[in-house]
file structure.txt (compact mmCIF, C-alpha atoms)
# COMPACT_ATOMS: atom_id res chain seq x y z
CA MET W 1 0.00 0.00 0.00
CA PRO W 2 1.46 3.39 -1.00
CA GLY W 3 2.56 5.78 1.72
CA ALA W 4 1.13 9.20 2.56
CA ILE W 5 3.16 10.64 -0.32
CA TYR W 6 3.60 8.49 -3.39
CA ALA W 7 4.98 9.26 -6.85
CA GLU W 8 5.65 6.96 -9.75
CA GLY W 9 7.49 7.94 -12.92
CA LEU W 10 7.06 11.72 -12.58
CA VAL W 11 8.31 13.58 -15.66
CA LYS W 12 8.36 17.33 -16.19
CA HIS W 13 9.99 19.36 -18.98
CA PHE W 14 10.76 23.07 -19.19
CA GLY W 15 11.57 23.54 -22.86
CA ASP W 16 14.57 21.37 -23.62
CA VAL W 17 15.36 20.83 -19.94
CA LYS W 18 14.03 17.65 -18.34
CA ALA W 19 13.57 18.82 -14.73
CA LEU W 20 12.06 15.47 -13.68
CA ASP W 21 13.03 12.30 -15.49
CA GLY W 22 10.95 9.49 -13.98
CA VAL W 23 11.01 10.20 -10.24
CA ASP W 24 9.63 7.56 -7.86
CA LEU W 25 8.93 8.40 -4.20
CA ASP W 26 7.14 6.61 -1.36
CA VAL W 27 6.91 8.25 2.07
CA PRO W 28 5.25 6.19 4.83
CA GLU W 29 2.75 7.96 7.07
CA GLY W 30 4.30 9.74 10.06
CA THR W 31 7.84 9.83 8.64
CA VAL W 32 10.19 12.40 7.13
CA LEU W 33 11.74 11.98 3.69
CA GLY W 34 14.74 14.22 3.09
CA LEU W 35 15.03 15.09 -0.60
CA LEU W 36 18.61 16.12 -1.33
CA GLY W 37 20.19 17.43 -4.50
CA PRO W 38 22.09 20.37 -5.95
CA ASN W 39 20.31 23.45 -7.26
CA GLY W 40 18.41 22.52 -10.41
CA ALA W 41 18.30 18.81 -9.58
CA GLY W 42 14.50 18.77 -9.63
CA LYS W 43 13.65 19.02 -5.92
CA THR W 44 11.39 22.06 -6.16
CA THR W 45 9.74 20.81 -9.35
CA ALA W 46 8.90 17.53 -7.59
CA VAL W 47 7.36 19.42 -4.66
CA ARG W 48 5.33 21.64 -6.98
CA CYS W 49 3.98 18.62 -8.86
CA LEU W 50 3.03 16.84 -5.64
CA THR W 51 1.29 19.94 -4.24
CA THR W 52 -0.79 20.58 -7.41
CA LEU W 53 1.10 23.76 -8.38
CA LEU W 54 2.46 22.11 -11.53
CA THR W 55 1.01 19.39 -13.73
CA PRO W 56 3.56 16.68 -14.58
CA ASP W 57 3.99 15.68 -18.21
CA ALA W 58 3.81 12.02 -17.22
CA GLY W 59 3.58 9.85 -14.15
CA LYS W 60 1.32 9.33 -11.16
CA ALA W 61 1.13 11.04 -7.76
CA VAL W 62 -1.01 10.29 -4.70
CA VAL W 63 -0.95 12.46 -1.56
CA ALA W 64 -2.89 11.64 1.61
CA GLY W 65 -4.68 8.89 -0.30
CA THR W 66 -5.89 11.23 -3.06
CA ASP W 67 -4.85 11.28 -6.70
CA VAL W 68 -3.11 14.61 -7.28
CA LEU W 69 -4.13 14.89 -10.94
CA LYS W 70 -7.76 13.79 -10.55
CA HIS W 71 -8.66 15.59 -7.30
CA PRO W 72 -6.29 18.54 -6.77
CA ASN W 73 -8.70 20.53 -4.57
CA GLU W 74 -9.04 17.63 -2.15
CA VAL W 75 -5.26 17.30 -2.00
CA ARG W 76 -4.89 21.01 -1.16
CA ARG W 77 -7.21 20.57 1.83
CA SER W 78 -4.90 17.86 3.23
CA ILE W 79 -1.49 19.51 2.89
CA GLY W 80 0.65 22.35 4.13
CA LEU W 81 3.35 23.92 1.98
CA SER W 82 6.25 26.17 2.79
CA GLY W 83 8.15 27.15 -0.35
CA GLN W 84 11.63 28.57 -0.83
CA PHE W 85 10.40 32.15 -0.66
CA ALA W 86 8.26 33.68 2.09
CA ALA W 87 4.70 34.20 0.80
CA VAL W 88 3.26 36.70 3.25
CA ASP W 89 1.17 39.84 2.76
CA GLU W 90 3.59 42.59 3.72
CA TYR W 91 0.79 45.08 4.47
CA LEU W 92 -0.81 42.83 7.09
CA THR W 93 0.64 42.28 10.55
CA GLY W 94 2.05 38.90 11.46
CA ARG W 95 -1.07 38.12 13.46
CA GLU W 96 -3.37 39.19 10.62
CA ASN W 97 -1.46 37.03 8.13
CA LEU W 98 -1.96 33.93 10.24
CA GLN W 99 -5.60 34.70 11.03
CA MET W 100 -6.29 35.22 7.34
CA VAL W 101 -4.84 31.81 6.49
CA GLY W 102 -6.98 30.19 9.18
CA GLN W 103 -10.14 31.80 7.87
CA LEU W 104 -9.30 30.84 4.29
CA TYR W 105 -9.31 27.26 5.61
CA GLN W 106 -12.78 28.00 7.06
CA MET W 107 -11.71 28.15 10.70
CA SER W 108 -13.90 30.34 12.90
CA ALA W 109 -12.53 33.82 13.66
CA LYS W 110 -12.03 32.81 17.30
CA ALA W 111 -10.17 29.59 16.42
CA ALA W 112 -8.02 31.38 13.83
CA LYS W 113 -7.08 34.06 16.37
CA GLN W 114 -6.17 31.46 18.99
CA ARG W 115 -4.09 29.42 16.54
CA ALA W 116 -2.30 32.56 15.33
CA GLY W 117 -1.31 33.39 18.91
CA GLU W 118 0.04 29.87 19.48
CA LEU W 119 2.17 29.98 16.33
CA LEU W 120 3.50 33.48 16.98
CA GLU W 121 4.79 32.26 20.35
CA GLN W 122 6.15 29.03 18.89
CA PHE W 123 8.12 30.88 16.18
CA ASN W 124 9.41 33.67 18.46
CA LEU W 125 7.33 36.33 16.70
CA ALA W 126 5.04 37.38 19.54
CA ASP W 127 6.85 40.67 20.16
CA ALA W 128 6.38 41.66 16.49
CA ALA W 129 2.89 40.16 16.10
CA ASP W 130 1.11 43.48 15.55
CA ARG W 131 3.66 45.11 13.28
CA PRO W 132 3.20 45.08 9.47
CA SER W 133 5.20 42.17 8.09
CA LYS W 134 6.97 44.53 5.65
CA THR W 135 8.95 45.73 8.70
CA TYR W 136 10.16 42.17 9.44
CA SER W 137 13.67 40.99 8.70
CA GLY W 138 14.15 38.26 6.10
CA GLY W 139 14.48 35.62 8.81
CA MET W 140 11.30 36.81 10.54
CA ARG W 141 9.35 36.70 7.27
CA ARG W 142 10.64 33.18 6.73
CA ARG W 143 9.41 32.09 10.15
CA LEU W 144 6.02 33.72 9.56
CA ASP W 145 5.70 31.84 6.28
CA LEU W 146 6.50 28.57 8.02
CA ALA W 147 3.95 29.33 10.72
CA ALA W 148 1.31 29.98 8.06
CA ALA W 149 1.91 26.52 6.61
CA LEU W 150 1.06 25.01 10.00
CA VAL W 151 -2.11 26.91 10.82
CA VAL W 152 -4.44 23.97 10.14
CA ARG W 153 -2.12 21.20 11.38
CA PRO W 154 -2.15 19.36 8.02
CA PRO W 155 -1.58 15.58 7.95
CA VAL W 156 0.96 15.98 5.13
CA MET W 157 3.55 18.76 4.96
CA PHE W 158 5.93 19.83 2.22
CA MET W 159 8.84 22.05 3.23
CA ASP W 160 11.06 23.28 0.41
CA GLU W 161 14.37 24.38 1.98
CA PRO W 162 12.53 25.69 5.07
CA THR W 163 15.51 26.92 7.07
CA THR W 164 17.28 28.86 4.32
CA GLY W 165 17.97 32.33 5.73
CA LEU W 166 17.45 31.34 9.37
CA ASP W 167 20.17 31.81 11.98
CA PRO W 168 21.38 28.70 13.87
CA ARG W 169 19.13 29.34 16.88
CA ASN W 170 15.96 29.65 14.82
CA ARG W 171 17.01 26.71 12.64
CA GLN W 172 17.29 24.54 15.75
CA ALA W 173 13.90 25.82 16.95
CA LEU W 174 12.31 24.83 13.64
CA TRP W 175 13.87 21.37 13.89
CA GLU W 176 12.09 20.93 17.22
CA VAL W 177 8.79 22.06 15.64
CA ILE W 178 9.27 19.50 12.85
CA LYS W 179 10.03 16.72 15.33
CA ASP W 180 6.88 17.58 17.30
CA LEU W 181 4.80 17.55 14.12
CA VAL W 182 6.08 14.17 13.02
CA GLY W 183 5.73 12.81 16.54
CA GLY W 184 2.05 13.73 16.27
CA GLY W 185 1.65 11.74 13.05
CA THR W 186 2.36 14.33 10.34
CA THR W 187 4.13 13.08 7.20
CA LEU W 188 6.80 15.42 5.84
CA LEU W 189 8.71 15.75 2.59
CA LEU W 190 11.65 18.05 3.27
CA THR W 191 14.01 19.42 0.65
CA THR W 192 17.22 20.86 1.99
CA GLN W 193 20.79 21.72 1.12
CA TYR W 194 21.80 21.57 4.80
CA LEU W 195 22.98 17.99 4.97
CA GLU W 196 23.12 18.16 8.77
CA GLU W 197 19.39 18.94 8.65
CA ALA W 198 18.59 15.78 6.69
CA ASP W 199 20.84 13.77 8.98
CA ASN W 200 19.02 15.13 12.03
CA LEU W 201 15.42 14.93 10.83
CA ALA W 202 14.92 12.43 8.02
CA HIS W 203 13.96 8.78 8.50
CA ASP W 204 14.84 8.17 4.85
CA ILE W 205 16.92 10.21 2.42
CA CYS W 206 16.49 10.39 -1.32
CA VAL W 207 19.27 11.90 -3.45
CA ILE W 208 18.13 13.42 -6.73
CA ASP W 209 20.33 14.74 -9.53
CA HIS W 210 19.44 15.84 -13.07
CA GLY W 211 15.82 14.92 -12.42
CA ARG W 212 16.48 11.32 -11.40
CA VAL W 213 16.66 9.53 -8.05
CA ILE W 214 20.23 8.26 -7.79
CA ALA W 215 20.22 6.86 -4.24
CA ARG W 216 17.87 6.19 -1.37
CA GLY W 217 18.18 4.83 2.14
CA THR W 218 18.63 5.81 5.76
CA SER W 219 21.47 8.13 6.63
CA ASP W 220 23.51 5.21 7.98
CA GLN W 221 22.86 3.10 4.88
CA LEU W 222 24.01 5.87 2.55
CA LYS W 223 27.09 6.55 4.62
CA ALA W 224 27.98 2.85 4.57
CA GLN W 225 27.98 2.95 0.75
CA THR W 226 30.62 5.68 0.80
CA GLY W 227 33.41 3.60 2.24
CA GLY W 228 32.98 3.15 5.97
CA GLU W 229 35.45 4.22 8.63
CA ARG W 230 38.86 5.77 8.26
CA VAL W 231 41.68 6.65 10.61
CA GLU W 232 43.17 10.11 10.25
CA VAL W 233 46.55 10.91 11.80
CA VAL W 234 48.48 14.18 11.94
CA VAL W 235 52.15 13.54 12.74
CA HIS W 236 54.25 16.13 14.55
CA GLU W 237 57.38 15.86 12.41
CA PRO W 238 57.38 15.87 8.59
CA GLY W 239 60.23 13.37 8.74
CA HIS W 240 57.91 10.80 10.35
CA ILE W 241 55.39 10.76 7.49
CA ALA W 242 56.98 7.84 5.64
CA THR W 243 57.20 5.68 8.78
CA ALA W 244 53.64 6.53 9.79
CA GLU W 245 52.47 5.60 6.29
CA GLU W 246 54.15 2.21 6.64
CA VAL W 247 52.41 1.64 9.99
CA LEU W 248 48.99 2.63 8.69
CA ARG W 249 49.34 0.46 5.60
CA GLY W 250 49.32 -2.53 7.93
CA PHE W 251 45.88 -1.60 9.19
CA ALA W 252 44.31 -0.69 5.83
CA LYS W 253 40.95 -2.21 4.96
CA GLY W 254 41.22 -4.69 2.08
CA GLY W 255 44.77 -3.66 1.32
CA GLY W 256 43.65 -0.09 0.61
CA GLY W 257 46.17 2.67 0.26
CA THR W 258 47.01 5.53 2.58
CA THR W 259 46.30 9.11 1.52
CA VAL W 260 49.03 11.56 2.50
CA GLU W 261 48.78 15.36 2.66
CA GLU W 262 52.37 16.51 2.97
CA HIS W 263 51.61 20.17 3.77
CA THR W 264 49.32 19.32 6.70
CA ARG W 265 51.25 16.15 7.73
CA LYS W 266 47.92 14.28 7.68
CA LEU W 267 47.57 10.63 6.70
CA THR W 268 44.25 8.88 6.10
CA VAL W 269 43.58 5.15 5.76
CA PRO W 270 40.32 3.18 5.32
CA VAL W 271 39.79 0.69 8.17
CA THR W 272 37.33 -1.61 9.90
CA GLY W 273 37.36 -2.36 13.60
CA GLY W 274 36.26 0.85 15.27
CA ALA W 275 37.72 2.09 18.53
CA LYS W 276 39.56 -1.15 19.25
CA LEU W 277 41.56 -0.83 16.04
CA LEU W 278 42.25 2.85 16.77
CA ALA W 279 43.88 1.87 20.07
CA GLU W 280 46.09 -0.62 18.22
CA VAL W 281 47.16 2.08 15.74
CA ILE W 282 48.09 4.42 18.58
CA ARG W 283 50.18 1.71 20.30
CA GLU W 284 52.02 0.87 17.08
CA LEU W 285 52.79 4.51 16.28
CA ASP W 286 54.07 5.00 19.82
CA ALA W 287 56.21 1.89 19.58
CA ARG W 288 57.82 3.28 16.42
CA GLY W 289 58.57 6.58 18.17
CA ILE W 290 56.15 8.63 16.05
CA GLU W 291 54.82 11.69 17.86
CA ILE W 292 51.31 12.69 16.77
CA ASP W 293 49.44 16.00 17.00
CA ASP W 294 46.01 14.50 16.30
CA ILE W 295 44.42 11.13 15.64
CA GLY W 296 40.83 10.09 15.23
CA LEU W 297 38.38 7.56 13.85
CA ARG W 298 36.18 9.30 11.28
CA ARG W 299 32.95 8.09 9.76
CA PRO W 300 31.52 9.38 6.47
CA THR W 301 29.22 12.37 6.68
CA LEU W 302 26.26 13.09 4.44
CA ASP W 303 28.52 15.64 2.75
CA ASP W 304 30.82 12.77 1.78
CA VAL W 305 27.83 10.79 0.51
CA PHE W 306 26.54 13.71 -1.50
CA ILE W 307 29.85 14.45 -3.19
CA SER W 308 30.46 10.76 -3.84
CA LEU W 309 27.06 10.35 -5.52
CA THR W 310 26.78 13.61 -7.47
CA GLY W 311 30.40 14.62 -7.97
CA HIS W 312 29.79 18.08 -6.55
CA ALA W 313 28.75 19.86 -3.37
CA ALA W 314 25.15 20.61 -2.40
CA GLU W 315 25.29 24.24 -3.48
CA ALA W 316 26.60 23.46 -6.98
CA GLU W 317 24.71 24.89 -9.94
CA ASP W 318 23.85 23.14 -13.17
CA THR W 319 21.98 24.02 -16.34
CA ALA W 320 18.64 22.75 -15.05
CA GLY W 321 18.90 25.18 -12.17
CA ASP W 322 17.90 28.21 -14.20
CA ALA W 323 14.77 26.51 -15.53
CA GLU W 324 13.72 25.35 -12.11
CA LYS W 325 14.37 28.74 -10.53
CA GLU W 326 12.34 30.49 -13.22
CA ASP W 327 9.48 28.18 -12.37
CA THR W 328 9.49 29.31 -8.72
CA LYS W 329 9.29 33.06 -9.39
call {"tool": "encode", "arguments": {"input": "structure.txt", "output": "structure tokens"}}
result
Amino acid sequence: MPGAIYAEGLVKHFGDVKALDGVDLDVPEGTVLGLLGPNGAGKTTAVRCLTTLLTPDAGKAVVAGTDVLKHPNEVRRSIGLSGQFAAVDEYLTGRENLQMVGQLYQMSAKAAKQRAGELLEQFNLADAADRPSKTYSGGMRRRLDLAAALVVRPPVMFMDEPTTGLDPRNRQALWEVIKDLVGGGTTLLLTTQYLEEADNLAHDICVIDHGRVIARGTSDQLKAQTGGERVEVVVHEPGHIATAEEVLRGFAKGGGGTTVEEHTRKLTVPVTGGAKLLAEVIRELDARGIEIDDIGLRRPTLDDVFISLTGHAAEAEDTAGDAEKEDTK
């Protein structure tokens, strides 16, 4: 049975650019799917197709049990959406913006007012609640937009790079809001370029590039594909690099080689064995009289996974980016 968000073979073209090239997604109810990819990979286009803002050229999509193409109005009643750019009325106050959203969803004036007050507190906007939103900073407008997406507590949420422009404190606060939502049963599709965010929030991660899904799994599963653990050593004396390399070669996983950075005196070797092996490396280096400035057992990060899969960092641009950005204006 498909999850709360389901897509099969989604295709979308913008002129000669294929923004989506057969995307499949399946997000179980009450979970978070992190959709990762560089700018122009197709993340925003996928969100816009799933939220009825764009019609795909081919494929199928079901959200909250409703066919997106056949019953778009019903889908809209079941979802919340926070896009990349704050969509607030700058001439209304923060409170009025939230109350307006509530009443558009046919909440009573009293219920909309109460919910607006709750969200203004939750997003640290209470002190500015009765100021016109055009006086808000960019980060405040972003938080108000996110609050608006949560007015009716939708069962399915789409957040397209929700913490872009937020400072670390407000980003952490939003993470807690997301965790509370999901703990209460909300299903969330989250696009982000903050890989730490996906690592922290997502049950499953889907990596998309050039309109295609190129990898999917939990954070740990994706990291395991990237090469496992490695020992990194910084020796004190440049003259000890060759001896340290010889020592590390004896611990290398599968006969793998040691990477040496002469200018930083850092050596890296792939290993298996965890902390126990690290202790053995330290003893052997000490026995050979090699003084070290730093040593550690490192595990792959999502950054490593991303670069390994796509060949570039999360903020990289590509030709599809311009088409996708034009679509969001």
call {"tool": "atom_distance", "arguments": {"input": "structure.txt", "atom1": "CA of Gly138 (chain W)", "atom2": "CA of Thr164 (chain W)"}}
result
10.1 Å
call {"tool": "atom_distance", "arguments": {"input": "structure.txt", "atom1": "CA of Thr186 (chain W)", "atom2": "CA of Val47 (chain W)"}}
result
16.6 Å
call {"tool": "axis_aligned_box", "arguments": {"input": "structure.txt", "around": "region 214-222 of chain W", "padding_each_side": "6 Å", "output": "JSON"}}
result
{"center_x": 20.9, "center_y": 5.7, "center_z": 0.1, "size_x": 18.1, "size_y": 17.2, "size_z": 27.8}
call {"tool": "atom_distance", "arguments": {"input": "structure.txt", "atom1": "CA of Leu190 (chain W)", "atom2": "CA of Gln114 (chain W)"}}
result
27.3 Å
call {"tool": "closest_residue", "arguments": {"input": "structure.txt", "among": "W:Pro38, W:Pro238, W:Gly165, W:Pro72", "to": "Glu262 (chain W)", "atoms": "all atoms listed in the file"}}
result
W:Pro238
call {"tool": "residues_around", "arguments": {"input": "structure.txt", "residues": "Val233 (chain W)", "least_positions_apart": "3", "cutoff": "12 Å", "atoms": "only C-alpha atoms", "output": "PyMOL selection string"}}
result
chain W and resi 230+236-237+240-241+244-245+247-248+258-262+264-270+278+281-282+285+290-298
call {"tool": "write_last_selection", "arguments": {"input": "structure.txt", "atoms": "C-alpha atoms", "output": "CSV table (one decimal), in the coordinates of the input"}}
result
chain,number,residue,atom,x,y,z
W,230,ARG,CA,38.9,5.8,8.3
W,236,HIS,CA,54.2,16.1,14.6
W,237,GLU,CA,57.4,15.9,12.4
W,240,HIS,CA,57.9,10.8,10.4
W,241,ILE,CA,55.4,10.8,7.5
W,244,ALA,CA,53.6,6.5,9.8
W,245,GLU,CA,52.5,5.6,6.3
W,247,VAL,CA,52.4,1.6,10.0
W,248,LEU,CA,49.0,2.6,8.7
W,258,THR,CA,47.0,5.5,2.6
W,259,THR,CA,46.3,9.1,1.5
W,260,VAL,CA,49.0,11.6,2.5
W,261,GLU,CA,48.8,15.4,2.7
W,262,GLU,CA,52.4,16.5,3.0
W,264,THR,CA,49.3,19.3,6.7
W,265,ARG,CA,51.2,16.2,7.7
W,266,LYS,CA,47.9,14.3,7.7
W,267,LEU,CA,47.6,10.6,6.7
W,268,THR,CA,44.2,8.9,6.1
W,269,VAL,CA,43.6,5.2,5.8
W,270,PRO,CA,40.3,3.2,5.3
W,278,LEU,CA,42.2,2.8,16.8
W,281,VAL,CA,47.2,2.1,15.7
W,282,ILE,CA,48.1,4.4,18.6
W,285,LEU,CA,52.8,4.5,16.3
W,290,ILE,CA,56.2,8.6,16.0
W,291,GLU,CA,54.8,11.7,17.9
W,292,ILE,CA,51.3,12.7,16.8
W,293,ASP,CA,49.4,16.0,17.0
W,294,ASP,CA,46.0,14.5,16.3
W,295,ILE,CA,44.4,11.1,15.6
W,296,GLY,CA,40.8,10.1,15.2
W,297,LEU,CA,38.4,7.6,13.8
W,298,ARG,CA,36.2,9.3,11.3
call {"tool": "residues_around", "arguments": {"input": "structure.txt", "residues": "His210 (chain W)", "least_positions_apart": "2", "cutoff": "9 Å", "atoms": "only C-alpha atoms", "output": "PyMOL selection string"}}
result
chain W and resi 18-21+37-38+40-42+208+212-213+318+320
call {"tool": "residues_around", "arguments": {"input": "structure.txt", "residues": "region 140-144 of chain W", "least_positions_apart": "4", "cutoff": "9 Å", "atoms": "only C-alpha atoms", "output": "list in words"}}
result
Gln84, Phe85, Ala86, Ala87, Val88, Glu90, Gly94, Asn97, Leu98, Leu119, Leu120, Phe123, Asn124, Leu125, Ser133, Lys134, Tyr136, Ala148, Ala149, Pro162, Thr163, Thr164, Gly165, Leu166, Asn170 and Leu174 of chain W
call {"tool": "write_last_selection", "arguments": {"input": "structure.txt", "atoms": "C-alpha atoms", "output": "CSV table (one decimal), in the coordinates of the input"}}
result
chain,number,residue,atom,x,y,z
W,84,GLN,CA,11.6,28.6,-0.8
W,85,PHE,CA,10.4,32.2,-0.7
W,86,ALA,CA,8.3,33.7,2.1
W,87,ALA,CA,4.7,34.2,0.8
W,88,VAL,CA,3.3,36.7,3.2
W,90,GLU,CA,3.6,42.6,3.7
W,94,GLY,CA,2.0,38.9,11.5
W,97,ASN,CA,-1.5,37.0,8.1
W,98,LEU,CA,-2.0,33.9,10.2
W,119,LEU,CA,2.2,30.0,16.3
W,120,LEU,CA,3.5,33.5,17.0
W,123,PHE,CA,8.1,30.9,16.2
W,124,ASN,CA,9.4,33.7,18.5
W,125,LEU,CA,7.3,36.3,16.7
W,133,SER,CA,5.2,42.2,8.1
W,134,LYS,CA,7.0,44.5,5.6
W,136,TYR,CA,10.2,42.2,9.4
W,148,ALA,CA,1.3,30.0,8.1
W,149,ALA,CA,1.9,26.5,6.6
W,162,PRO,CA,12.5,25.7,5.1
W,163,THR,CA,15.5,26.9,7.1
W,164,THR,CA,17.3,28.9,4.3
W,165,GLY,CA,18.0,32.3,5.7
W,166,LEU,CA,17.4,31.3,9.4
W,170,ASN,CA,16.0,29.6,14.8
W,174,LEU,CA,12.3,24.8,13.6
call {"tool": "closest_residue", "arguments": {"input": "structure.txt", "among": "W:Thr66, W:Thr192, W:Thr272, W:Asn200", "to": "Glu229 (chain W)", "atoms": "all atoms listed in the file"}}
result
W:Thr272
